[in-house]
Amino acid sequence: MSDRYLLNCWYQAGFSEEIVEAPLARTLLDIPVVFYRADGRVTALEDRCPHRFAPLSMGAVRNGQIVCGYHGLAFGADGHCRLNPHGRITPAMKVRAFPVIERHTIVWIWMGNADEADPGLIPDLGFIDQTPETARIRFHIPTLANYRLVTDNLMDLSHADYLHPTSLGGVMTGAQARTQLRDGTVISEWIKADCLAPARFHARVPPPQRADAWTEATWRAPAVMVIATALVPAGAGRGDEDVVRALHSMTPETATTTHYFVCGTRGDRLDDADYSERLRGMLEHAFVHEDKPMLEAQQSRLGASAFETRRPVLLAVDAGAMQVRRQLDRRIADEQDAFAAASCLPVA
């Protein structure tokens with residue numbers, strides 16, 4: 001299965017804590033990339049020495065440069081060769097360097113035209129910065145499924161009552177759902193009023209007291225989502241302090257594999273480490289042991305086929321996911337048209 005990617009945008013390469021001085025190899029959009037940190041700054045280079053194509057990630061970082069472990073060629077943060085132990089340095093001795101920015105405890109990478117890398121296009125995830133480290137829960141979940149399938153899963157949370165009955169489910173069936181498009185951003189919302197709270201919320205709304213539940217999933221191209229949830233006593237109204245937010249960020253590794261990143265936050269019991277570990281266990285069970293196997297099984301059944309070519313039977317609950325697919329397809333088509341037009345421009 002081939003896949004087209006949106007290139008002129010920011011993808012999550014990892015969390016800041018993952019990238020240290022030692023080289024880190026990670027394939028993104030079918031391209032091998034090596035990351036390392038020197039003097040506090042993250043560098044991202046194509047993980048392929050131009051000499052005999054050895055992975056630079058098999059080398060070492062010295063004096064801010066990455067040294068190929070095969071023949072000792074050293075490359076700087078701009079990708080240009082800085083040392084050739086065997087002779088002179090030629091212009092061909094260089095590798096591609098990718099723009100990277102650290103923001104919201106995340107390393108972002110721009111895989112398209114470096115001249116168009118605009119930091120202002122990084123999504124605003126300020127809620128992460130406003131949450132102390134003790135109340136953040138992070139996951140990097142390598143998933144053997146196309147990144148769009150992971151996005152579909154998050155844009156259709158009606159599955160929660162069935163796939164996550166004891167972890168995240170309990171309020172989605174029968175909820176009022178709607179999907180909106182705002183300036184290319186897709187927002188799906190679920191509201192269920194006057195319901196019984198699932199067991200995990202009994203401390204907040206003990207039975208037989210009734211509750212109002214609200215969930216909102218916001219998608220921004222290419223695959224950065226924020227899911228916000230709140231459950232309060234029925235009729236009490238929802239305040240900012242009641243809302244729990246989580247980042248779900250999907251970066252394609254290949255056409256059939258995904259780097260799935262999660263950063264969950266909360267607004268209460270901020271310094272309670274034991275509570276964080278209990279939440280981590282629940283979320284790990286849901287994401288790693290329930291979502292991941294189902295997504296990988298879907299991909300196995302799809303094989304090399306594109307989702308649309310199998311002519312899926314769509315339900316009302318698929319409205320948000322299909323809107324996302326249409327928006328992303330349009331963005332990719334527009335970008336490829338622009339690339340094609342630029343390549344046809346006459347040379348002065």
# chains A, B, ... in the order shown; residues from 1 in each chain; ligands from 1
call {"tool": "residues_around", "arguments": {"residues": "Arg48 in chain A", "least_positions_apart": "4", "cutoff": "10 Å", "atoms": "only C-alpha atoms", "output": "PDB file with N, CA and C atoms, in the first residue's frame"}}
result
ATOM      1  N   ILE A  31      11.027   8.023   5.823  1.00  0.00           N
ATOM      2  CA  ILE A  31      12.386   8.567   5.750  1.00  0.00           C
ATOM      3  C   ILE A  31      13.115   8.255   7.055  1.00  0.00           C
ATOM      4  N   PRO A  32      14.291   7.626   6.983  1.00  0.00           N
ATOM      5  CA  PRO A  32      15.053   7.389   8.215  1.00  0.00           C
ATOM      6  C   PRO A  32      15.688   8.687   8.703  1.00  0.00           C
ATOM      7  N   VAL A  33      15.470   9.011   9.973  1.00  0.00           N
ATOM      8  CA  VAL A  33      15.975  10.251  10.569  1.00  0.00           C
ATOM      9  C   VAL A  33      16.750   9.895  11.827  1.00  0.00           C
ATOM     10  N   VAL A  34      17.865  10.595  12.053  1.00  0.00           N
ATOM     11  CA  VAL A  34      18.611  10.439  13.291  1.00  0.00           C
ATOM     12  C   VAL A  34      18.517  11.746  14.077  1.00  0.00           C
ATOM     13  N   ARG A  52      28.634   5.384   1.939  1.00  0.00           N
ATOM     14  CA  ARG A  52      28.123   4.059   1.580  1.00  0.00           C
ATOM     15  C   ARG A  52      26.786   3.766   2.249  1.00  0.00           C
ATOM     16  N   PHE A  53      26.114   4.846   2.634  1.00  0.00           N
ATOM     17  CA  PHE A  53      24.733   4.766   3.106  1.00  0.00           C
ATOM     18  C   PHE A  53      24.585   4.029   4.443  1.00  0.00           C
ATOM     19  N   ALA A  54      25.618   4.023   5.248  1.00  0.00           N
ATOM     20  CA  ALA A  54      25.512   3.458   6.584  1.00  0.00           C
ATOM     21  C   ALA A  54      24.631   4.372   7.444  1.00  0.00           C
ATOM     22  N   PRO A  55      23.841   3.821   8.356  1.00  0.00           N
ATOM     23  CA  PRO A  55      23.047   4.662   9.261  1.00  0.00           C
ATOM     24  C   PRO A  55      23.968   5.490  10.163  1.00  0.00           C
ATOM     25  N   LEU A  56      23.787   6.798  10.140  1.00  0.00           N
ATOM     26  CA  LEU A  56      24.564   7.649  11.040  1.00  0.00           C
ATOM     27  C   LEU A  56      24.233   7.351  12.496  1.00  0.00           C
ATOM     28  N   SER A  57      23.037   6.827  12.741  1.00  0.00           N
ATOM     29  CA  SER A  57      22.639   6.513  14.109  1.00  0.00           C
ATOM     30  C   SER A  57      23.490   5.395  14.716  1.00  0.00           C
ATOM     31  N   CYS A  68      30.040   9.179  11.611  1.00  0.00           N
ATOM     32  CA  CYS A  68      29.639   7.896  11.050  1.00  0.00           C
ATOM     33  C   CYS A  68      30.507   6.777  11.636  1.00  0.00           C
ATOM     34  N   LYS A  94      27.247  15.668   2.219  1.00  0.00           N
ATOM     35  CA  LYS A  94      26.241  16.312   3.061  1.00  0.00           C
ATOM     36  C   LYS A  94      25.016  15.416   3.129  1.00  0.00           C
ATOM     37  N   VAL A  95      24.238  15.623   4.170  1.00  0.00           N
ATOM     38  CA  VAL A  95      22.976  14.922   4.341  1.00  0.00           C
ATOM     39  C   VAL A  95      21.887  15.958   4.593  1.00  0.00           C
ATOM     40  N   ARG A  96      20.669  15.547   4.380  1.00  0.00           N
ATOM     41  CA  ARG A  96      19.540  16.463   4.571  1.00  0.00           C
ATOM     42  C   ARG A  96      19.351  16.774   6.047  1.00  0.00           C
TER      43      ARG A  96
END
call {"tool": "closest_residue", "arguments": {"among": "A:Leu163, A:Leu154, A:Ala114, A:Val205", "to": "Ile227 in chain A", "atoms": "only C-alpha atoms"}}
result
A:Leu154
call {"tool": "closest_residue", "arguments": {"among": "A:Asp78, A:Asp194, A:Asp334, A:Glu18", "to": "Gly235 in chain A", "atoms": "only C-alpha atoms"}}
result
A:Asp194
call {"tool": "select_by_dssp", "arguments": {"residues": "range 142-221 of chain A", "states": "strand (DSSP E)", "output": "ChimeraX atom specification"}}
result
/A:142-143,176-182,185-196,210-220
call {"tool": "atom_distance", "arguments": {"atom1": "CA of Ala246 in chain A", "atom2": "CA of Leu28 in chain A"}}
result
22.6 Å
call {"tool": "residues_around", "arguments": {"residues": "Pro132 in chain A", "least_positions_apart": "4", "cutoff": "9 Å", "atoms": "only C-alpha atoms", "output": "mmCIF file with N, CA and C atoms, in the first residue's frame"}}
result
data_model
loop_
_atom_site.group_PDB
_atom_site.id
_atom_site.type_symbol
_atom_site.label_atom_id
_atom_site.label_comp_id
_atom_site.auth_asym_id
_atom_site.auth_seq_id
_atom_site.Cartn_x
_atom_site.Cartn_y
_atom_site.Cartn_z
ATOM 1 N N ILE A 128 -0.538 21.636 28.150
ATOM 2 C CA ILE A 128 0.539 20.768 28.632
ATOM 3 C C ILE A 128 1.496 21.569 29.508
ATOM 4 N N ARG A 136 1.390 14.906 34.392
ATOM 5 C CA ARG A 136 1.416 14.542 32.966
ATOM 6 C C ARG A 136 1.693 13.052 32.832
ATOM 7 N N THR A 265 -3.229 15.011 30.678
ATOM 8 C CA THR A 265 -3.084 15.989 31.755
ATOM 9 C C THR A 265 -4.358 15.999 32.603
ATOM 10 N N LEU A 270 -2.626 17.391 41.645
ATOM 11 C CA LEU A 270 -1.482 17.610 40.758
ATOM 12 C C LEU A 270 -0.188 17.002 41.275
ATOM 13 N N ASP A 271 -0.039 16.889 42.586
ATOM 14 C CA ASP A 271 1.208 16.376 43.162
ATOM 15 C C ASP A 271 1.085 14.938 43.666
#
call {"tool": "residues_around", "arguments": {"residues": "range 140-144 of chain A", "least_positions_apart": "3", "cutoff": "6 Å", "atoms": "only C-alpha atoms", "output": "PyMOL selection string"}}
result
chain A and resi 257-261+296
call {"tool": "atom_distance", "arguments": {"atom1": "CA of Gln327 in chain A", "atom2": "CA of Phe307 in chain A"}}
result
15.6 Å
call {"tool": "closest_atom_pairs", "arguments": {"of": "range 234-279 of chain A", "to": "range 6-11 of chain A", "cutoff": "10 Å", "atoms": "only C-alpha atoms", "output": "JSON lines"}}
result
{"residue": "A:Ser249", "atom": "CA", "partner": "A:Tyr11", "partner_atom": "CA", "distance": 8.3}
{"residue": "A:Met250", "atom": "CA", "partner": "A:Tyr11", "partner_atom": "CA", "distance": 8.1}
{"residue": "A:Thr251", "atom": "CA", "partner": "A:Tyr11", "partner_atom": "CA", "distance": 6.1}
{"residue": "A:Pro252", "atom": "CA", "partner": "A:Tyr11", "partner_atom": "CA", "distance": 8.9}
call {"tool": "select_by_dssp", "arguments": {"residues": "range 92-230 of chain A", "states": "helix (DSSP H, G or I)", "output": "MDAnalysis selection string"}}
result
chainID A and resid 114:116 119:121 126:129 133:135 147:155 157:163 199:201
call {"tool": "residues_around", "arguments": {"residues": "range 335-338 of chain A", "least_positions_apart": "3", "cutoff": "12 Å", "atoms": "only C-alpha atoms", "output": "PyMOL selection string"}}
result
chain A and resi 4-9+112-113+328-332+341-345
call {"tool": "atom_distance", "arguments": {"atom1": "CA of Glu216 in chain A", "atom2": "CA of Met282 in chain A"}}
result
20.1 Å
call {"tool": "closest_residue", "arguments": {"among": "A:Leu295, A:Ala333, A:Val317, A:Ala13", "to": "Ile101 in chain A", "atoms": "only C-alpha atoms"}}
result
A:Ala13
call {"tool": "closest_residue", "arguments": {"among": "A:Leu302, A:Leu45, A:Met322, A:Ala273", "to": "Thr134 in chain A", "atoms": "only C-alpha atoms"}}
result
A:Ala273
call {"tool": "residues_around", "arguments": {"residues": "Ala193 in chain A", "least_positions_apart": "6", "cutoff": "9 Å", "atoms": "only C-alpha atoms", "output": "ChimeraX atom specification"}}
result
/A:175-176,210-214,234-235
call {"tool": "decode", "arguments": {"residues": "range 58-108 of chain A", "atoms": "N, CA and C atoms", "output": "CSV table (one decimal), in the first residue's frame"}}
result
chain,number,residue,atom,x,y,z
A,58,MET,N,24.3,4.7,13.9
A,58,MET,CA,25.2,3.7,14.4
A,58,MET,C,26.5,4.3,14.8
A,59,GLY,N,26.6,5.6,14.7
A,59,GLY,CA,27.9,6.3,15.1
A,59,GLY,C,27.7,6.9,16.4
A,60,ALA,N,28.4,8.0,16.6
A,60,ALA,CA,28.5,8.7,17.9
A,60,ALA,C,28.5,10.2,17.7
A,61,VAL,N,28.1,10.9,18.8
A,61,VAL,CA,28.1,12.4,18.7
A,61,VAL,C,29.4,12.8,19.5
A,62,ARG,N,30.1,13.7,18.8
A,62,ARG,CA,31.3,14.2,19.3
A,62,ARG,C,31.4,15.7,19.0
A,63,ASN,N,31.6,16.6,20.0
A,63,ASN,CA,31.8,18.0,19.7
A,63,ASN,C,30.6,18.6,18.9
A,64,GLY,N,29.4,18.1,19.2
A,64,GLY,CA,28.2,18.6,18.5
A,64,GLY,C,28.0,18.1,17.1
A,65,GLN,N,28.8,17.2,16.7
A,65,GLN,CA,28.7,16.6,15.3
A,65,GLN,C,28.5,15.1,15.5
A,66,ILE,N,27.8,14.5,14.5
A,66,ILE,CA,27.6,13.1,14.5
A,66,ILE,C,28.6,12.4,13.6
A,67,VAL,N,29.3,11.4,14.1
A,67,VAL,CA,30.4,10.8,13.4
A,67,VAL,C,29.9,9.4,12.9
A,68,CYS,N,30.0,9.2,11.6
A,68,CYS,CA,29.6,7.9,11.0
A,68,CYS,C,30.5,6.8,11.6
A,69,GLY,N,29.9,5.7,12.1
A,69,GLY,CA,30.6,4.6,12.7
A,69,GLY,C,31.3,3.7,11.7
A,70,TYR,N,31.1,4.0,10.4
A,70,TYR,CA,31.7,3.1,9.4
A,70,TYR,C,33.1,3.6,8.9
A,71,HIS,N,33.2,4.9,8.6
A,71,HIS,CA,34.5,5.5,8.1
A,71,HIS,C,34.8,6.8,8.7
A,72,GLY,N,34.1,7.2,9.7
A,72,GLY,CA,34.5,8.4,10.5
A,72,GLY,C,34.2,9.8,10.0
A,73,LEU,N,33.4,9.8,8.9
A,73,LEU,CA,33.0,11.2,8.4
A,73,LEU,C,32.1,11.8,9.5
A,74,ALA,N,32.3,13.1,9.7
A,74,ALA,CA,31.5,13.8,10.7
A,74,ALA,C,30.6,14.9,10.1
A,75,PHE,N,29.4,15.0,10.6
A,75,PHE,CA,28.5,16.0,10.0
A,75,PHE,C,27.9,16.9,11.1
A,76,GLY,N,27.8,18.2,10.7
A,76,GLY,CA,27.3,19.2,11.6
A,76,GLY,C,25.7,19.3,11.6
A,77,ALA,N,25.2,20.2,12.4
A,77,ALA,CA,23.7,20.3,12.5
A,77,ALA,C,23.1,20.7,11.2
A,78,ASP,N,23.9,21.4,10.3
A,78,ASP,CA,23.3,21.8,9.0
A,78,ASP,C,23.4,20.6,8.0
A,79,GLY,N,24.0,19.5,8.4
A,79,GLY,CA,24.1,18.4,7.5
A,79,GLY,C,25.3,18.3,6.6
A,80,HIS,N,26.2,19.4,6.7
A,80,HIS,CA,27.4,19.4,5.9
A,80,HIS,C,28.5,18.7,6.6
A,81,CYS,N,29.3,18.0,5.8
A,81,CYS,CA,30.5,17.3,6.4
A,81,CYS,C,31.5,18.3,7.0
A,82,ARG,N,31.9,18.0,8.2
A,82,ARG,CA,32.9,18.8,8.9
A,82,ARG,C,34.3,18.1,9.0
A,83,LEU,N,34.3,16.8,8.8
A,83,LEU,CA,35.6,16.1,8.9
A,83,LEU,C,35.5,14.9,8.0
A,84,ASN,N,36.6,14.7,7.2
A,84,ASN,CA,36.8,13.6,6.4
A,84,ASN,C,38.2,13.0,6.7
A,85,PRO,N,38.3,12.0,7.5
A,85,PRO,CA,39.7,11.5,7.8
A,85,PRO,C,40.5,11.0,6.7
A,86,HIS,N,39.9,10.8,5.5
A,86,HIS,CA,40.5,10.2,4.4
A,86,HIS,C,40.9,11.1,3.2
A,87,GLY,N,40.7,12.4,3.4
A,87,GLY,CA,41.0,13.3,2.4
A,87,GLY,C,40.2,14.6,2.4
A,88,ARG,N,40.0,15.3,1.3
A,88,ARG,CA,39.3,16.5,1.3
A,88,ARG,C,37.8,16.4,1.4
A,89,ILE,N,37.2,17.5,1.8
A,89,ILE,CA,35.7,17.5,1.9
A,89,ILE,C,35.1,18.1,0.6
A,90,THR,N,34.2,17.3,0.0
A,90,THR,CA,33.6,17.8,-1.3
A,90,THR,C,32.2,18.3,-1.0
A,91,PRO,N,31.6,19.1,-1.9
A,91,PRO,CA,30.2,19.5,-1.7
A,91,PRO,C,29.2,18.4,-1.6
A,92,ALA,N,29.5,17.3,-2.2
A,92,ALA,CA,28.6,16.1,-2.1
A,92,ALA,C,28.5,15.5,-0.8
A,93,MET,N,29.4,15.8,0.1
A,93,MET,CA,29.5,15.2,1.4
A,93,MET,C,28.5,15.9,2.4
A,94,LYS,N,27.2,15.7,2.2
A,94,LYS,CA,26.2,16.3,3.1
A,94,LYS,C,25.0,15.4,3.1
A,95,VAL,N,24.2,15.6,4.2
A,95,VAL,CA,23.0,14.9,4.3
A,95,VAL,C,21.9,16.0,4.6
A,96,ARG,N,20.7,15.5,4.4
A,96,ARG,CA,19.5,16.5,4.6
A,96,ARG,C,19.4,16.8,6.0
A,97,ALA,N,19.2,18.0,6.4
A,97,ALA,CA,18.9,18.5,7.7
A,97,ALA,C,17.4,19.0,7.8
A,98,PHE,N,16.7,18.6,8.8
A,98,PHE,CA,15.3,18.9,9.0
A,98,PHE,C,15.1,20.0,10.0
A,99,PRO,N,14.3,21.0,9.8
A,99,PRO,CA,13.9,21.9,10.8
A,99,PRO,C,13.3,21.2,12.0
A,100,VAL,N,13.7,21.6,13.2
A,100,VAL,CA,13.1,21.0,14.4
A,100,VAL,C,12.9,22.1,15.4
A,101,ILE,N,11.8,22.0,16.2
A,101,ILE,CA,11.5,23.0,17.3
A,101,ILE,C,11.0,22.2,18.5
A,102,GLU,N,11.4,22.7,19.7
A,102,GLU,CA,10.9,22.1,20.9
A,102,GLU,C,9.8,23.0,21.4
A,103,ARG,N,8.7,22.5,21.7
A,103,ARG,CA,7.6,23.3,22.2
A,103,ARG,C,6.6,22.4,22.9
A,104,HIS,N,6.1,22.7,24.0
A,104,HIS,CA,5.1,21.9,24.8
A,104,HIS,C,5.7,20.6,25.2
A,105,THR,N,6.9,20.5,25.5
A,105,THR,CA,7.7,19.3,25.9
A,105,THR,C,7.7,18.3,24.7
A,106,ILE,N,7.6,18.8,23.5
A,106,ILE,CA,7.6,17.9,22.3
A,106,ILE,C,8.6,18.4,21.3
A,107,VAL,N,9.2,17.5,20.6
A,107,VAL,CA,10.1,17.8,19.5
A,107,VAL,C,9.3,17.7,18.2
A,108,TRP,N,9.2,18.8,17.5
A,108,TRP,CA,8.4,18.9,16.2
A,108,TRP,C,9.4,18.9,15.1
